[in-house]
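Engineer: This is the content of entry.cif (mmCIF, C-alpha atoms and all ligand atoms):
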```cif
data_structure
loop_
_atom_site.label_atom_id
_atom_site.label_comp_id
_atom_site.auth_asym_id
_atom_site.auth_seq_id
_atom_site.Cartn_x
_atom_site.Cartn_y
_atom_site.Cartn_z
CA MET A 146 35.34 7.80 41.55
CA GLY A 147 35.78 5.53 38.56
CA ASN A 148 32.98 4.30 36.35
CA GLU A 149 33.07 0.85 37.84
CA SER A 150 32.72 2.18 41.36
CA ALA A 151 29.86 4.42 40.31
CA ASP A 152 28.11 1.48 38.64
CA ALA A 153 28.56 -0.66 41.72
CA LEU A 154 27.14 2.05 43.93
CA ALA A 155 24.19 2.53 41.60
CA LYS A 156 23.55 -1.22 41.49
CA ASN A 157 23.75 -1.38 45.25
CA ALA A 158 21.31 1.50 45.55
CA VAL A 159 18.86 -0.28 43.27
CA THR A 160 19.13 -3.71 44.89
CA HIS A 161 19.59 -2.75 48.52
CA GLY A 162 18.49 0.82 48.63
CA THR A 163 15.86 2.08 50.97
CA PRO A 164 12.48 1.84 49.28
CA PHE A 165 10.66 5.10 49.00
CA THR A 166 7.35 6.15 47.55
CA LEU A 167 7.14 9.01 45.18
CA LEU A 168 3.74 10.61 45.70
CA LYS A 169 1.92 11.50 42.54
CA PRO A 170 0.09 14.80 42.42
CA LEU A 171 -3.56 14.80 43.54
CA ILE A 172 -4.69 15.79 40.06
CA HIS A 173 -3.23 12.53 38.73
CA LEU A 174 -5.11 10.54 41.37
CA ASN A 175 -8.33 12.32 40.45
CA LYS A 176 -7.79 11.48 36.79
CA ILE A 177 -7.30 7.77 37.55
CA LEU A 178 -10.36 7.67 39.84
CA ASN A 179 -12.50 9.42 37.23
CA GLN A 180 -11.37 7.01 34.51
CA GLU A 181 -12.23 4.07 36.76
CA LEU A 182 -15.59 5.58 37.64
CA ILE A 183 -16.48 6.26 33.99
CA SER A 184 -15.39 2.76 33.01
CA ASN A 185 -17.62 1.14 35.67
CA TRP A 186 -20.41 3.56 34.85
CA LYS A 187 -20.19 2.64 31.16
CA LYS A 188 -20.45 -1.08 32.04
CA GLU A 189 -23.59 -0.40 34.10
CA TRP A 190 -24.89 1.96 31.42
CA ASP A 191 -24.58 -0.77 28.76
CA LYS A 192 -26.31 -3.32 31.03
CA THR A 193 -29.21 -1.10 32.04
CA ASN A 194 -32.67 -1.20 30.57
CA LEU A 195 -32.78 2.57 30.40
CA GLY A 196 -34.07 2.31 26.89
CA LYS A 197 -32.68 2.38 23.41
CA PRO A 198 -33.62 6.01 22.69
CA ILE A 199 -31.44 7.40 25.48
CA HIS A 200 -28.64 4.92 24.96
CA GLU A 201 -28.44 5.99 21.33
CA LEU A 202 -28.35 9.68 22.20
CA ILE A 203 -25.84 9.28 25.03
CA PRO A 204 -23.80 6.17 24.16
CA SER A 205 -21.21 6.81 26.87
CA PRO A 206 -21.72 8.32 30.28
CA SER A 207 -19.60 11.34 31.16
CA PHE A 208 -19.46 14.19 33.64
CA GLN A 209 -20.88 16.47 30.99
CA ASN A 210 -24.13 18.08 32.10
CA HIS A 211 -26.66 17.58 29.31
CA ASN A 212 -29.02 20.14 30.84
CA TRP A 213 -32.14 18.44 29.65
CA ASP A 214 -35.41 20.06 30.58
CA ARG A 215 -38.08 17.73 32.05
CA ARG A 216 -40.03 18.02 28.78
CA GLU A 217 -36.97 16.98 26.79
CA VAL A 218 -36.42 14.01 29.09
CA MET A 219 -40.01 12.92 28.43
CA PHE A 220 -39.68 13.40 24.68
CA PHE A 221 -36.33 11.67 24.23
CA THR A 222 -37.04 8.81 26.64
CA GLU A 223 -40.47 8.46 24.93
CA GLN A 224 -41.99 8.34 28.41
CA GLY A 225 -44.49 11.15 28.62
CA PRO A 226 -47.98 12.21 27.54
CA PHE A 227 -47.95 10.00 24.44
CA THR A 228 -50.63 7.37 23.85
CA SER A 229 -47.89 4.95 22.72
CA TYR A 230 -46.45 5.16 26.24
CA LEU A 231 -49.71 5.48 28.20
CA LYS A 232 -51.17 2.39 26.51
CA ARG A 233 -48.17 0.32 27.61
CA PHE A 234 -49.08 1.01 31.23
CA HIS A 235 -52.80 0.54 30.65
CA LEU A 236 -53.38 4.25 31.24
CA ARG A 237 -55.13 4.53 27.89
CA PRO A 238 -57.26 1.91 26.14
CA SER A 239 -55.49 2.47 22.82
CA ASP A 240 -52.19 3.79 21.49
CA SER A 241 -54.03 5.98 18.99
CA CYS A 242 -53.97 9.73 19.20
CA SER A 243 -57.41 11.30 18.75
CA CYS A 244 -56.39 12.07 15.14
CA GLY A 245 -56.28 8.31 14.50
CA GLU A 246 -52.51 7.80 14.15
CA VAL A 247 -50.28 6.06 16.71
CA GLY A 248 -49.42 8.74 19.26
CA ASN A 249 -45.66 8.42 19.66
CA PRO A 250 -43.28 11.36 20.16
CA LEU A 251 -42.35 11.49 16.48
CA HIS A 252 -46.03 11.68 15.54
CA TYR A 253 -46.64 14.74 17.71
CA ALA A 254 -43.39 16.41 16.64
CA THR A 255 -43.90 15.94 12.90
CA SER A 256 -47.39 15.04 11.75
CA CYS A 257 -50.20 15.32 14.32
CA PRO A 258 -52.70 18.03 13.32
CA HIS A 259 -53.10 19.04 16.99
CA THR A 260 -49.45 20.07 17.28
CA LYS A 261 -49.00 21.55 13.81
CA ALA A 262 -47.80 24.90 15.22
CA TRP A 263 -44.60 23.24 16.50
CA HIS A 264 -43.88 20.68 13.78
CA PHE A 265 -40.36 19.73 12.76
CA SER A 266 -39.58 18.23 9.36
CA LYS A 267 -40.03 14.46 9.48
CA PRO A 268 -36.76 12.49 9.45
CA SER A 269 -36.23 9.21 7.64
CA ASN A 270 -35.65 6.17 9.83
CA THR A 271 -31.94 6.29 9.07
CA ASN A 272 -31.72 9.97 10.04
CA LEU A 273 -33.74 9.75 13.24
CA LEU A 274 -30.77 9.90 15.59
CA GLN A 275 -29.20 12.84 13.72
CA TRP A 276 -32.58 14.57 13.80
CA LYS A 277 -32.78 14.25 17.59
CA ARG A 278 -29.20 15.48 18.00
CA ALA A 279 -29.92 18.47 15.74
CA ILE A 280 -32.88 19.44 17.98
CA LEU A 281 -30.68 19.24 21.06
CA ARG A 282 -27.99 21.41 19.43
CA SER A 283 -30.39 24.23 18.56
CA THR A 284 -31.81 26.55 21.21
CA ARG A 285 -34.69 27.49 18.91
CA SER A 286 -35.59 23.85 18.27
CA ARG A 287 -35.44 23.06 21.97
CA THR A 288 -37.77 25.96 22.74
CA ARG A 289 -40.18 24.72 20.09
CA LEU A 290 -40.04 21.24 21.61
CA HIS A 291 -40.66 22.67 25.10
CA ASN A 292 -43.72 24.51 23.82
CA MET A 293 -45.08 21.44 22.06
CA MET A 294 -44.59 19.29 25.16
CA SER A 295 -46.24 21.91 27.39
CA PHE A 296 -49.19 21.94 24.99
CA LEU A 297 -49.39 18.12 25.05
CA MET A 298 -49.32 18.05 28.85
CA ALA A 299 -51.95 20.78 29.16
CA ASN A 300 -54.26 19.11 26.63
CA ASP A 301 -53.54 15.47 27.38
CA ILE A 302 -57.16 14.26 27.63
CA LEU A 303 -58.24 16.27 24.59
CA ILE A 304 -55.46 14.83 22.44
CA ASN A 305 -54.95 11.37 23.90
CA GLY A 306 -58.46 10.68 25.11
CA PRO A 307 -59.54 9.97 28.69
CA PRO A 308 -57.54 7.60 30.95
CA ALA A 309 -58.44 3.91 30.71
CA ASP A 310 -60.11 3.79 34.16
CA LEU A 311 -62.23 6.81 33.23
CA VAL A 312 -63.37 5.02 30.08
CA ILE A 313 -64.45 2.00 32.16
CA LEU A 314 -66.20 4.33 34.60
CA VAL A 315 -68.03 6.14 31.82
CA THR A 316 -68.96 2.81 30.19
CA ASP A 317 -70.30 1.51 33.53
CA GLU A 318 -72.32 4.66 34.05
CA LEU A 319 -73.77 4.37 30.55
CA LEU A 320 -74.67 0.72 31.20
CA PHE A 321 -76.27 1.75 34.48
CA LEU A 322 -78.24 4.48 32.73
CA GLN A 323 -79.34 2.02 30.03
CA ILE A 324 -80.55 -0.44 32.69
CA LEU A 325 -82.56 2.36 34.33
ZN ZN A 401 -52.35 12.93 16.36
#
```
Please express the file's structure as structure tokens.

Structural biologist:
Amino acid sequence: MGNESADALAKNAVTHGTPFTLLKPLIHLNKILNQELISNWKKEWDKTNLGKPIHELIPSPSFQNHNWDRREVMFFTEQGPFTSYLKRFHLRPSDSCSCGEVGNPLHYATSCPHTKAWHFSKPSNTNLLQWKRAILRSTRSRTRLHNMMSFLMANDILINGPPADLVILVTDELLFLQIL
């Protein structure tokens, strides 16, 4: 067969040939689906009000398991036994720790006298994110953080004062006693 005939046959095959589908391997399909899923997830992740602290630590969602302990979730989301958080939900009358400073996670982890046994060195504002990442990278630091959080949870009222409704109750009882 000459070149011209071969070209004509090839052209004919392309223009009039029977269409066929070449199936891609399943692994390829999985890859495309995962990319699509991560892309949609990232859009939702960026829209969500999950909170700046977590968004900074995990800027992009992935299938990686971060293996965060419950105490680490509380510490890094800043939603735990901290007066700064409890006050926001009216669970404490003030955001002050019983030592007098604002009771946020950084306070307990670096400067509160009640938690001195587990203190980390205090980061500058610009190093805060690196400081959190360094804790998460170190097993020893994570254990120290677990212990500090367990202590905070076990001694919540001692450190953060009584809940707001208990304060009202105590105040009412005192008023009642004064009236008597
Ligand atoms: Zn304190």

Engineer: Check every protein, DNA and RNA residue against ligand ZN 401 (chain A), keep those with an atom at most 10 Å away (counting all atoms listed in the file), and present them as a PyMOL selection string.

Structural biologist: chain A and resi 227-228+241-250+252-261+304-305

Engineer: What's the separation between CA of Phe296 in chain A and CA of Leu281 in chain A, in Å to one decimal place?

Structural biologist: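 CA of Phe296 in chain A sits 19.1 Å away from CA of Leu281 in chain A.
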
Engineer: Take every atom of range 211-219 of chain A listed in the file, fit an axis-aligned box around them, add 8 Å per side, and give the centre and edge lengths in Å to one decimal as JSON.

Structural biologist:
```
{"center_x": -33.3, "center_y": 16.5, "center_z": 29.4, "size_x": 29.4, "size_y": 23.2, "size_z": 21.3}
```

Engineer: Using Å and a single decimal, report how far CA of Glu217 in chain A sits from CA of Leu202 in chain A.

Structural biologist: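 Between CA of Leu202 in chain A and CA of Glu217 in chain A the gap works out to 12.2 Å.
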
Engineer: With distances taken over all atoms listed in the file, which residue among A:Leu251, A:Phe220, A:Gly225, A:Phe208 lies nearest Leu182 in chain A?

Structural biologist: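 Residue with the minimum atom-to-atom distance to Leu182 in chain A: A:Phe208.
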
Engineer: Taking into account all atoms listed in the file, which residue in the set A:Gln180, A:Ser266, A:Asn175, A:Ser229 is nearest to Ala279 in chain A?

Structural biologist: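 Among A:Gln180, A:Ser266, A:Asn175, A:Ser229, it is A:Ser266 that comes nearest to Ala279 in chain A.
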
Engineer: Show which residues sit within 8 Å of Phe221 in chain A, as a VMD selection string. Count all atoms listed in the file, and ignore same-chain residues fewer than 4 positions away.

Structural biologist: chain A and resid 198 to 199 217 277

Engineer: Taking all atoms listed in the file into account, which of A:Leu236, A:Leu297, A:Ile302, A:Leu231 comes nearest Trp263 in chain A?

Structural biologist: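 With all atoms listed in the file as the atom set, the closest residue is A:Leu297.
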
Engineer: To one decimal place, how far is CA of Ser207 in chain A from CA of Asn272 in chain A in Å?

Structural biologist: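 We find that CA of Ser207 in chain A and CA of Asn272 in chain A lie 24.4 Å from each other.
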
Engineer: List the neighbours of Asn185 in chain A out to 12 Å using all atoms listed in the file; skip same-chain residues closer than 5 positions along the sequence, and give me the result as a list of chain:residue names.

Structural biologist: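 Contacts, in chain order: A:Leu178, A:Asn179, A:Gln180, A:Trp190, A:Asp191, A:Lys192, A:Ser205, A:Pro206, A:Ser207.
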
Engineer: Would you save range 240-253 of chain A from the block above with N, CA and C atoms, as a PDB file, in the first residue's frame?

Structural biologist:
```pdb
ATOM      1  N   ASP A 240     -13.517  37.826  81.702  1.00  0.00           N
ATOM      2  CA  ASP A 240     -12.550  37.018  80.952  1.00  0.00           C
ATOM      3  C   ASP A 240     -11.223  36.908  81.685  1.00  0.00           C
ATOM      4  N   SER A 241     -11.223  37.340  82.954  1.00  0.00           N
ATOM      5  CA  SER A 241      -9.986  37.282  83.731  1.00  0.00           C
ATOM      6  C   SER A 241      -9.800  35.934  84.400  1.00  0.00           C
ATOM      7  N   CYS A 242      -8.598  35.449  84.309  1.00  0.00           N
ATOM      8  CA  CYS A 242      -8.186  34.267  85.085  1.00  0.00           C
ATOM      9  C   CYS A 242      -8.117  34.716  86.554  1.00  0.00           C
ATOM     10  N   SER A 243      -8.112  33.790  87.481  1.00  0.00           N
ATOM     11  CA  SER A 243      -8.064  34.202  88.887  1.00  0.00           C
ATOM     12  C   SER A 243      -6.744  34.887  89.246  1.00  0.00           C
ATOM     13  N   CYS A 244      -5.722  34.779  88.358  1.00  0.00           N
ATOM     14  CA  CYS A 244      -4.459  35.487  88.608  1.00  0.00           C
ATOM     15  C   CYS A 244      -4.557  36.951  88.183  1.00  0.00           C
ATOM     16  N   GLY A 245      -5.640  37.323  87.509  1.00  0.00           N
ATOM     17  CA  GLY A 245      -5.860  38.718  87.144  1.00  0.00           C
ATOM     18  C   GLY A 245      -5.638  39.021  85.671  1.00  0.00           C
ATOM     19  N   GLU A 246      -4.952  38.135  84.955  1.00  0.00           N
ATOM     20  CA  GLU A 246      -4.709  38.362  83.518  1.00  0.00           C
ATOM     21  C   GLU A 246      -5.864  37.781  82.695  1.00  0.00           C
ATOM     22  N   VAL A 247      -5.963  38.204  81.440  1.00  0.00           N
ATOM     23  CA  VAL A 247      -6.975  37.623  80.547  1.00  0.00           C
ATOM     24  C   VAL A 247      -6.638  36.154  80.321  1.00  0.00           C
ATOM     25  N   GLY A 248      -7.624  35.294  80.588  1.00  0.00           N
ATOM     26  CA  GLY A 248      -7.374  33.846  80.513  1.00  0.00           C
ATOM     27  C   GLY A 248      -7.581  33.274  79.133  1.00  0.00           C
ATOM     28  N   ASN A 249      -6.641  33.543  78.224  1.00  0.00           N
ATOM     29  CA  ASN A 249      -6.721  32.906  76.899  1.00  0.00           C
ATOM     30  C   ASN A 249      -5.700  31.761  76.847  1.00  0.00           C
ATOM     31  N   PRO A 250      -5.768  30.915  75.826  1.00  0.00           N
ATOM     32  CA  PRO A 250      -4.877  29.752  75.787  1.00  0.00           C
ATOM     33  C   PRO A 250      -3.396  30.108  75.938  1.00  0.00           C
ATOM     34  N   LEU A 251      -2.983  31.196  75.279  1.00  0.00           N
ATOM     35  CA  LEU A 251      -1.578  31.593  75.354  1.00  0.00           C
ATOM     36  C   LEU A 251      -1.179  31.950  76.781  1.00  0.00           C
ATOM     37  N   HIS A 252      -2.109  32.566  77.508  1.00  0.00           N
ATOM     38  CA  HIS A 252      -1.840  32.931  78.902  1.00  0.00           C
ATOM     39  C   HIS A 252      -1.535  31.685  79.725  1.00  0.00           C
ATOM     40  N   TYR A 253      -2.391  30.668  79.609  1.00  0.00           N
ATOM     41  CA  TYR A 253      -2.185  29.455  80.409  1.00  0.00           C
ATOM     42  C   TYR A 253      -0.922  28.712  79.971  1.00  0.00           C
TER      43      TYR A 253
END
```
